[in-house]
Amino acid sequence: MTTAPAARRTPSAVGYRIGLTVVLALLALAPLVLPPFWQRFVTEILIWGLLAMSSDILIGYTGMVSFGHSAFFGLGMYGAAAALLTVKPPDLWLAGLYGLVGAGVVAAFVAYFATRLRDIYFAISTLVFSQIFYVIIFTWTEVTGGENGLTFSQPRLSLLGLGSDRFTPVTLHWFVLAVVTLSYLLIRRILQSPFGKVLESIRENEARTRAIGYHIERYKIVAVMLSGLCAGLAGVLYAIQNKFAAPDFVFFTVSGEVVIFNVMGGMGTLVGPFAGAAFFLLLREGLSRFLTEYYLIPLGMIFVAIVIFLPQGLLGFLRRRLNQ
Amino acid sequence: MTGRWQDESWARSMWWSGKTTRRKFLALSSTAASALGTAMLVPAPWREAFGQARPYKIGTLQPLSGTAAAGGKTALVGVQMAVERANATGGINGRPVELIVADYESKPDVGRRKAEKLVVEDKIDAHVGGYLSNVCLACMPVYEEHRLVNMVGVCLDTTITTSKCSRYTFRPFDYAPAQAVAVSPYLVGKMGKKWHIAYLDYAWGQSTRDAYIEQIKKNGGDVVGTTGIPLGTADMAPFVSRISGSFDGLFGIFFGANAVSFTSAVFDLGLTKKYRYAGDGAIAESTHLPALGQKIEGFIGINRYVPVLDPPLNTPHHRKFFDQAVAALKKIDPSGPLPDRYVQSNFEATNFLKLGIKKSGFRGREDTMKLIEALEGMEVKEGDDFPQGDKMLRKEDHQAFIREFIFTIQGNKHKIVEVIPREQTIVPPACKFV
C-alpha cells in the first residue's frame, strides 16, 4: 500500500515537518525583505547556529561538555583561508575541503587523547587543546598572520559544472542556509540512528553502556570527530562570509559562548542551541546599541534568569507550554 | 518594621514574594524600557545650535569592553573632545557633527559586524577610530566595499599602510619603521653599539623588532640577541632571567600590563644596573608610572606624544589640549590620569577629517573621492587642531610622518631628551593601492 508510510506518521512528526518547512521558508525569504545589515546578520546567525548545533552532539547527546569547539571552528576557518590564499582562482569547494580536513585532523587528535577522560577532566583537556592551537596560531605569524590573522577574497559561487557567479548577500545567505539545513538533517538522522542512541546511553549511564558491550571510547571518538567536522564547516562558512580568519576565533571564550548558546536554547534538542545562538546574538546586538559597553550587565542578568527560571532552555520552555 | 527586607511591603510589591510572576516581570521590564526610551528621546546637545542642518555622521569603533577596554575608553575621549570642539565652533561647513559610537568588545567578529552596522544602517559619512590592529585590518574591507574614508586612531600594525594598504584608509600618526629610523641613531650613538631586543611575541612585536634590527644595523650597531615573550605572560622573570651576555643596551617592545611586568622583572633581576634600558614609548605611558615607581627611572623611550608642558610642547595649543584632556579623562577615571598618545592621535585624526571635509567641500559619502584627494598629501601646522606638532599625510601610502620625542623618566615623570623632526623619520613607501 502506498499510503502506509503516511499512515505511520504521528501528529508530532507532521507538526515537526510543517514547523521545519515554515521556518525554512521564513529563513529563505529573510534576505529579500530585511535591510542589508540584518540580511548579513541572519546569515551570521545561521553560521553560529551550526556551531552551536555541532557542540550539542557532545554536550546534549553524549553528556560531554567541550571547551574545544573554538579550535575546530578556527581550524575550519584557517583551512578555508589556506585554500583561498594558495589556489588561484579561489575555489569554494576546495575551501570547504581544506577547512574540513583541517578541523577533522584536529578533532581526531583531540578526540584520541581527550576521550580517555570524563566529566570535568574531559572539559579541561579540550580547553587546553584549544589554547595550544590558539598559541600556535597567534605566534606563528609567518604562516597564520599572527594576531592580525589572514584576509582573502571571497570565492565565486560555483555549482559543479553549472557555471559560477559572484556571491551577493542574498545568494550567500541561501548557500549558507542550504549547507546548514543539510547539516542539520544529517546530524539529526545520525542522532536518531542506533549510533545516536548509544551516545544517549553513554550520557545516561556510561558504566552500564560499557557493561552491555559497547566500546565507549570508539563512540566518543566518532562523536567528537562528527562534532568537530560540523564546527569546522561553520568555520568555513564564516571565512567565506567575512573574508578573514583571526586567532580570536580559536580562543576558548568562543567555546564558552557556544556553551551559553546551548544552555540558553536547551541542550539535547539540536534546534535548541540554534535558537539559543539566535537569541543571544540578537539580544547582544540590541542591548549593545543602547547601552554600548554596559550591555553585558543586562545580558548577564537575562542569562542568569534563564538558568534559574528556564533550566531546560528556551526550547524546553516552549515545548512544555505547547504540551500543556 | 519586619526583620527581613524581603518581608517589607514595598519589597513584596516590587519584586520579592517568594516567586517571580509574569506580571511582575512584565511590569519591571516595561519600567526599564520606558526609562531607556525617555533617555533616548532627549535631543543631542548640538541640535539646538544647528537647527535643521543635516549633521555629518562620524562613526567610531572602539573596544569599550573586553581586554582592550581601558585603552579604548581613553581613545574615545580623544574623538569626543575633537567632535565637541568642532560643534562648539560652528560645526564643519555650518553643519553639526554627530558622533556614533560602537563598542566592538575587543573582538574582530564583533568589530566587523559593528562596522557593517555603522556603514549600512547608521549611514555614517566617515569613520575615525579603531584600536586593535587585528580589528582594524578585519574592518578595512568594509570601508573599502562601501567606499568611505577610514581614519585610523590607534592601530599600529605596519601592514595597514604597507602590504595591506587601502585607498580609503589613512593613518595620521607614526608607525614602528618611522620610530626605528628616528631613535636608532640615538641608541647607537649615545647609548651603545650592541643591543639585545626583548619583544612581545606576536605580530606587532615581531614587526617592530624587525624594524629596529634593520635600523640599529644601518646605524653601525648590532643586535646580538632577541627574546620573544608571549603576550599576557603574568610572570616574565623566567624569560628575562635568560637575557644575559655581552651587550650595552636592552631594548623592550611592550605595552599595557605586559610592559609593567617586563620592566618589573628587568629591574628585579638587576638588568637595569648592568645594561642601559630603552624601548618603545608604550612601556612608559603615564598610566604605568605609579605602578613602576623607581623601577622605570632612567628609561629611555621614543613616543609621538609625552604628557609634559616643557619645550617644544610648552605651546598654548598643547596646554589647552592637555587641560581639556585631563578634565575629560577624570570623568572616566577619577584618579585623573594624564593624556597619552591614544587621546592625542584620536583627537588629531578627527581634526584631520574635519580639515579634509572643509577643504574638499564634502557633502556626504558620494563625495568620498574628493575627501580622499583632499587628505592625500595634506600638510598641517602645529595649532589647536594639532597640538602634537606639524604633520604630513603621504599620498603614496596614506601614512603620516610626525615629529618624535626621545624621553627619559626622572622623578617618575617624563622628560624630553631630544626631539626628532619629522623629516628625519621618513621611511620609503611600500604600498600599492588596488
# chains A, B, ... in the order shown; residues from 1 in each chain; ligands from 1
call {"tool": "residues_around", "arguments": {"residues": "Glu366 (chain B)", "least_positions_apart": "2", "cutoff": "9 Å", "atoms": "only C-alpha atoms", "output": "list in words"}}
result
Asp125, Arg147, Leu148, Phe362, Arg363, Gly364, Thr368, Met369 and Lys370 of chain B
call {"tool": "write_last_selection", "arguments": {"atoms": "N, CA and C atoms", "output": "mmCIF file, in the first residue's frame"}}
result
data_model
loop_
_atom_site.group_PDB
_atom_site.id
_atom_site.type_symbol
_atom_site.label_atom_id
_atom_site.label_comp_id
_atom_site.auth_asym_id
_atom_site.auth_seq_id
_atom_site.Cartn_x
_atom_site.Cartn_y
_atom_site.Cartn_z
ATOM 1 N N ASP B 125 29.133 59.026 7.407
ATOM 2 C CA ASP B 125 29.812 59.630 6.258
ATOM 3 C C ASP B 125 31.292 59.258 6.232
ATOM 4 N N ARG B 147 32.961 52.261 0.226
ATOM 5 C CA ARG B 147 33.589 53.495 -0.237
ATOM 6 C C ARG B 147 33.400 54.668 0.723
ATOM 7 N N LEU B 148 34.021 54.549 1.885
ATOM 8 C CA LEU B 148 34.072 55.710 2.770
ATOM 9 C C LEU B 148 35.404 55.766 3.484
ATOM 10 N N PHE B 362 33.160 68.388 1.012
ATOM 11 C CA PHE B 362 32.493 67.081 1.171
ATOM 12 C C PHE B 362 31.068 67.278 1.692
ATOM 13 N N ARG B 363 30.097 66.671 0.982
ATOM 14 C CA ARG B 363 28.700 66.784 1.430
ATOM 15 C C ARG B 363 28.216 65.489 2.065
ATOM 16 N N GLY B 364 28.721 64.401 1.591
ATOM 17 C CA GLY B 364 28.295 63.106 2.105
ATOM 18 C C GLY B 364 29.115 62.030 1.435
ATOM 19 N N THR B 368 33.205 60.940 -1.326
ATOM 20 C CA THR B 368 34.352 60.298 -0.661
ATOM 21 C C THR B 368 35.650 60.496 -1.446
ATOM 22 N N MET B 369 35.587 60.380 -2.759
ATOM 23 C CA MET B 369 36.826 60.517 -3.544
ATOM 24 C C MET B 369 37.406 61.921 -3.415
ATOM 25 N N LYS B 370 36.522 62.910 -3.346
ATOM 26 C CA LYS B 370 37.004 64.292 -3.159
ATOM 27 C C LYS B 370 37.705 64.422 -1.813
#
call {"tool": "residues_around", "arguments": {"residues": "Thr158 (chain B)", "least_positions_apart": "5", "cutoff": "12 Å", "atoms": "only C-alpha atoms", "output": "ChimeraX atom specification"}}
result
/A:148 /B:133-134,136-137,163-165,171,173-179,203-211,397,399,427,429-431
call {"tool": "write_last_selection", "arguments": {"atoms": "N, CA and C atoms", "output": "JSON list (two decimals), in the first residue's frame"}}
result
[["chain", "number", "residue", "atom", "x", "y", "z"],
["A", 148, "ASN", "N", 47.07, 39.45, 13.62],
["A", 148, "ASN", "CA", 46.27, 40.13, 12.59],
["A", 148, "ASN", "C", 45.45, 39.18, 11.76],
["B", 133, "SER", "N", 44.85, 46.37, 16.18],
["B", 133, "SER", "CA", 45.22, 46.25, 14.76],
["B", 133, "SER", "C", 44.46, 45.14, 14.05],
["B", 134, "ASN", "N", 44.25, 44.01, 14.74],
["B", 134, "ASN", "CA", 43.56, 42.91, 14.06],
["B", 134, "ASN", "C", 42.13, 43.30, 13.70],
["B", 136, "CYS", "N", 41.17, 46.48, 13.16],
["B", 136, "CYS", "CA", 41.32, 47.48, 12.09],
["B", 136, "CYS", "C", 41.44, 46.77, 10.74],
["B", 137, "LEU", "N", 42.30, 45.74, 10.70],
["B", 137, "LEU", "CA", 42.52, 45.02, 9.45],
["B", 137, "LEU", "C", 41.26, 44.27, 9.00],
["B", 163, "SER", "N", 51.74, 46.50, 3.11],
["B", 163, "SER", "CA", 51.25, 45.41, 2.25],
["B", 163, "SER", "C", 49.72, 45.33, 2.18],
["B", 164, "LYS", "N", 49.01, 45.80, 3.22],
["B", 164, "LYS", "CA", 47.54, 45.71, 3.20],
["B", 164, "LYS", "C", 46.90, 47.10, 3.09],
["B", 165, "CYS", "N", 47.64, 48.04, 2.54],
["B", 165, "CYS", "CA", 47.13, 49.42, 2.49],
["B", 165, "CYS", "C", 45.87, 49.51, 1.63],
["B", 171, "ARG", "N", 46.41, 56.67, 8.08],
["B", 171, "ARG", "CA", 46.93, 56.60, 9.45],
["B", 171, "ARG", "C", 47.63, 57.93, 9.75],
["B", 173, "PHE", "N", 49.22, 59.18, 12.16],
["B", 173, "PHE", "CA", 50.25, 59.21, 13.21],
["B", 173, "PHE", "C", 51.37, 58.25, 12.79],
["B", 174, "ASP", "N", 52.35, 58.07, 13.65],
["B", 174, "ASP", "CA", 53.54, 57.32, 13.25],
["B", 174, "ASP", "C", 53.34, 55.80, 13.26],
["B", 175, "TYR", "N", 54.36, 55.07, 12.81],
["B", 175, "TYR", "CA", 54.37, 53.61, 12.90],
["B", 175, "TYR", "C", 55.79, 53.15, 13.20],
["B", 176, "ALA", "N", 55.94, 51.87, 13.51],
["B", 176, "ALA", "CA", 57.22, 51.37, 14.02],
["B", 176, "ALA", "C", 58.43, 51.68, 13.13],
["B", 177, "PRO", "N", 58.33, 51.50, 11.80],
["B", 177, "PRO", "CA", 59.52, 51.79, 10.99],
["B", 177, "PRO", "C", 60.00, 53.23, 11.14],
["B", 178, "ALA", "N", 59.06, 54.18, 11.24],
["B", 178, "ALA", "CA", 59.45, 55.59, 11.37],
["B", 178, "ALA", "C", 60.09, 55.83, 12.74],
["B", 179, "GLN", "N", 59.54, 55.19, 13.77],
["B", 179, "GLN", "CA", 60.12, 55.35, 15.11],
["B", 179, "GLN", "C", 61.53, 54.76, 15.15],
["B", 203, "ALA", "N", 52.35, 39.51, 16.24],
["B", 203, "ALA", "CA", 52.58, 40.26, 15.01],
["B", 203, "ALA", "C", 53.21, 41.64, 15.23],
["B", 204, "TRP", "N", 52.63, 42.46, 16.12],
["B", 204, "TRP", "CA", 53.15, 43.81, 16.33],
["B", 204, "TRP", "C", 54.58, 43.77, 16.86],
["B", 205, "GLY", "N", 54.80, 42.94, 17.88],
["B", 205, "GLY", "CA", 56.13, 42.85, 18.48],
["B", 205, "GLY", "C", 57.16, 42.38, 17.47],
["B", 206, "GLN", "N", 56.77, 41.39, 16.67],
["B", 206, "GLN", "CA", 57.71, 40.82, 15.69],
["B", 206, "GLN", "C", 58.07, 41.83, 14.60],
["B", 207, "SER", "N", 57.05, 42.54, 14.08],
["B", 207, "SER", "CA", 57.35, 43.50, 13.00],
["B", 207, "SER", "C", 58.14, 44.69, 13.54],
["B", 208, "THR", "N", 57.85, 45.10, 14.78],
["B", 208, "THR", "CA", 58.61, 46.21, 15.38],
["B", 208, "THR", "C", 60.05, 45.78, 15.63],
["B", 209, "ARG", "N", 60.23, 44.56, 16.12],
["B", 209, "ARG", "CA", 61.59, 44.01, 16.32],
["B", 209, "ARG", "C", 62.39, 44.07, 15.02],
["B", 210, "ASP", "N", 61.78, 43.62, 13.93],
["B", 210, "ASP", "CA", 62.49, 43.60, 12.65],
["B", 210, "ASP", "C", 62.89, 45.01, 12.21],
["B", 211, "ALA", "N", 61.99, 45.98, 12.44],
["B", 211, "ALA", "CA", 62.30, 47.36, 12.05],
["B", 211, "ALA", "C", 63.49, 47.88, 12.84],
["B", 397, "ASP", "N", 51.00, 56.25, 0.47],
["B", 397, "ASP", "CA", 50.56, 55.14, 1.33],
["B", 397, "ASP", "C", 49.60, 55.57, 2.44],
["B", 399, "GLN", "N", 50.23, 57.30, 4.98],
["B", 399, "GLN", "CA", 50.91, 57.23, 6.27],
["B", 399, "GLN", "C", 51.40, 58.63, 6.65],
["B", 427, "VAL", "N", 60.32, 57.02, 5.99],
["B", 427, "VAL", "CA", 60.60, 55.67, 5.51],
["B", 427, "VAL", "C", 60.00, 55.59, 4.09],
["B", 429, "PRO", "N", 57.83, 54.63, 0.93],
["B", 429, "PRO", "CA", 56.50, 53.98, 0.90],
["B", 429, "PRO", "C", 56.61, 52.54, 0.40],
["B", 430, "ALA", "N", 55.76, 51.68, 0.93],
["B", 430, "ALA", "CA", 55.75, 50.26, 0.50],
["B", 430, "ALA", "C", 54.31, 49.82, 0.31],
["B", 431, "CYS", "N", 53.59, 50.59, -0.48],
["B", 431, "CYS", "CA", 52.16, 50.31, -0.65],
["B", 431, "CYS", "C", 51.77, 50.45, -2.11]]
call {"tool": "select_by_dssp", "arguments": {"residues": "region 135-321 of chain A", "states": "strand (DSSP E)", "output": "PyMOL selection string"}}
result
chain A and resi 150-151+157-158+164-165+244-245
call {"tool": "residues_around", "arguments": {"residues": "Gly316 (chain A)", "least_positions_apart": "3", "cutoff": "8 Å", "atoms": "only C-alpha atoms", "output": "list in words"}}
result
Gly265, Gly266, Gly272, Leu310, Gln312, Gly313, Arg319 and Arg320 of chain A
call {"tool": "residues_around", "arguments": {"residues": "Phe167 (chain A)", "least_positions_apart": "4", "cutoff": "10 Å", "atoms": "only C-alpha atoms", "output": "count of residues only"}}
result
11
call {"tool": "interface_residues", "arguments": {"of": "chain B", "to": "chain A", "cutoff": "8 Å", "atoms": "only C-alpha atoms", "output": "list of chain:residue names"}}
result
B:Leu64, B:Ser65, B:Val101, B:Ala102, B:Asp103, B:Glu105, B:Lys107, B:Pro108, B:Arg113, B:Glu116, B:Lys117, B:Val120, B:Glu121, B:Ser133, B:Asn134, B:Val135, B:Leu137, B:Ala138, B:Asp201, B:Tyr202, B:Ala203, B:Trp204, B:Pro230
call {"tool": "select_by_dssp", "arguments": {"residues": "region 14-236 of chain A", "states": "helix (DSSP H, G or I)", "output": "ChimeraX atom specification"}}
result
/A:14-33,36-62,69-86,92-114,119-139,141-144,146-148,169-192,194-204,206-211,216-236
call {"tool": "residues_around", "arguments": {"residues": "region 183-188 of chain A", "least_positions_apart": "6", "cutoff": "8 Å", "atoms": "only C-alpha atoms", "output": "ChimeraX atom specification"}}
result
/A:50,53,230,270
call {"tool": "write_last_selection", "arguments": {"atoms": "N, CA and C atoms", "output": "mmCIF file, in the first residue's frame"}}
result
data_model
loop_
_atom_site.group_PDB
_atom_site.id
_atom_site.type_symbol
_atom_site.label_atom_id
_atom_site.label_comp_id
_atom_site.auth_asym_id
_atom_site.auth_seq_id
_atom_site.Cartn_x
_atom_site.Cartn_y
_atom_site.Cartn_z
ATOM 1 N N LEU A 50 24.947 26.745 13.463
ATOM 2 C CA LEU A 50 25.545 25.457 13.090
ATOM 3 C C LEU A 50 26.635 25.065 14.102
ATOM 4 N N MET A 53 24.926 23.899 17.187
ATOM 5 C CA MET A 53 24.340 22.581 16.946
ATOM 6 C C MET A 53 25.431 21.500 17.021
ATOM 7 N N CYS A 230 31.487 19.361 11.967
ATOM 8 C CA CYS A 230 30.390 20.336 11.809
ATOM 9 C C CYS A 230 30.839 21.723 12.251
ATOM 10 N N LEU A 270 19.157 19.839 19.456
ATOM 11 C CA LEU A 270 19.714 20.315 18.175
ATOM 12 C C LEU A 270 19.189 21.692 17.786
#
call {"tool": "closest_residue", "arguments": {"among": "B:Glu423, B:Asp280, B:Asp235, B:Glu373", "to": "Gly252 (chain B)", "atoms": "only C-alpha atoms"}}
result
B:Asp280
call {"tool": "residues_around", "arguments": {"residues": "Asn412 (chain B)", "least_positions_apart": "5", "cutoff": "12 Å", "atoms": "only C-alpha atoms", "output": "PyMOL selection string"}}
result
chain B and resi 284-299
call {"tool": "decode", "arguments": {"residues": "region 55-108 of chain A", "atoms": "C-alpha atoms", "output": "short mmCIF file (atom, residue, chain, number, x, y, z; two decimals), in the first residue's frame"}}
result
data_model
loop_
_atom_site.label_atom_id
_atom_site.label_comp_id
_atom_site.auth_asym_id
_atom_site.auth_seq_id
_atom_site.Cartn_x
_atom_site.Cartn_y
_atom_site.Cartn_z
CA SER A 55 28.53 21.23 20.16
CA ASP A 56 25.10 19.86 21.11
CA ILE A 57 26.20 16.48 19.73
CA LEU A 58 28.68 16.33 22.61
CA ILE A 59 27.03 18.42 25.33
CA GLY A 60 23.41 17.47 24.83
CA TYR A 61 23.54 13.96 23.36
CA THR A 62 26.74 12.43 24.74
CA GLY A 63 26.98 14.32 28.01
CA MET A 64 30.48 15.63 27.32
CA VAL A 65 30.98 19.36 27.88
CA SER A 66 33.53 20.58 25.36
CA PHE A 67 35.52 23.80 25.53
CA GLY A 68 37.44 22.87 22.42
CA HIS A 69 34.94 23.91 19.77
CA SER A 70 36.76 27.15 19.18
CA ALA A 71 39.72 25.08 17.91
CA PHE A 72 37.55 23.14 15.43
CA PHE A 73 35.78 26.31 14.31
CA GLY A 74 39.06 28.20 13.97
CA LEU A 75 40.86 25.41 12.14
CA GLY A 76 37.96 25.18 9.69
CA MET A 77 38.37 28.90 9.13
CA TYR A 78 42.16 28.75 8.68
CA GLY A 79 41.85 25.69 6.44
CA ALA A 80 39.49 27.60 4.16
CA ALA A 81 41.86 30.58 4.29
CA ALA A 82 44.75 28.36 3.20
CA ALA A 83 42.81 27.22 0.13
CA LEU A 84 41.59 30.71 -0.73
CA LEU A 85 45.09 32.18 -0.46
CA THR A 86 47.08 29.47 -2.22
CA VAL A 87 44.78 28.33 -5.02
CA LYS A 88 44.11 30.76 -7.88
CA PRO A 89 41.34 31.50 -8.63
CA PRO A 90 39.86 30.94 -5.15
CA ASP A 91 37.65 27.87 -5.21
CA LEU A 92 34.61 27.50 -2.98
CA TRP A 93 34.59 23.72 -2.76
CA LEU A 94 38.33 23.47 -2.22
CA ALA A 95 37.97 25.96 0.65
CA GLY A 96 35.34 23.66 2.14
CA LEU A 97 37.54 20.62 1.68
CA TYR A 98 40.64 22.23 3.22
CA GLY A 99 38.57 23.54 6.11
CA LEU A 100 37.00 20.17 6.81
CA VAL A 101 40.36 18.41 6.59
CA GLY A 102 41.88 20.97 9.00
CA ALA A 103 39.05 20.64 11.50
CA GLY A 104 38.89 16.86 11.05
CA VAL A 105 42.60 16.32 11.75
CA VAL A 106 42.44 18.50 14.85
CA ALA A 107 39.24 16.78 16.02
CA ALA A 108 40.87 13.35 15.60
#
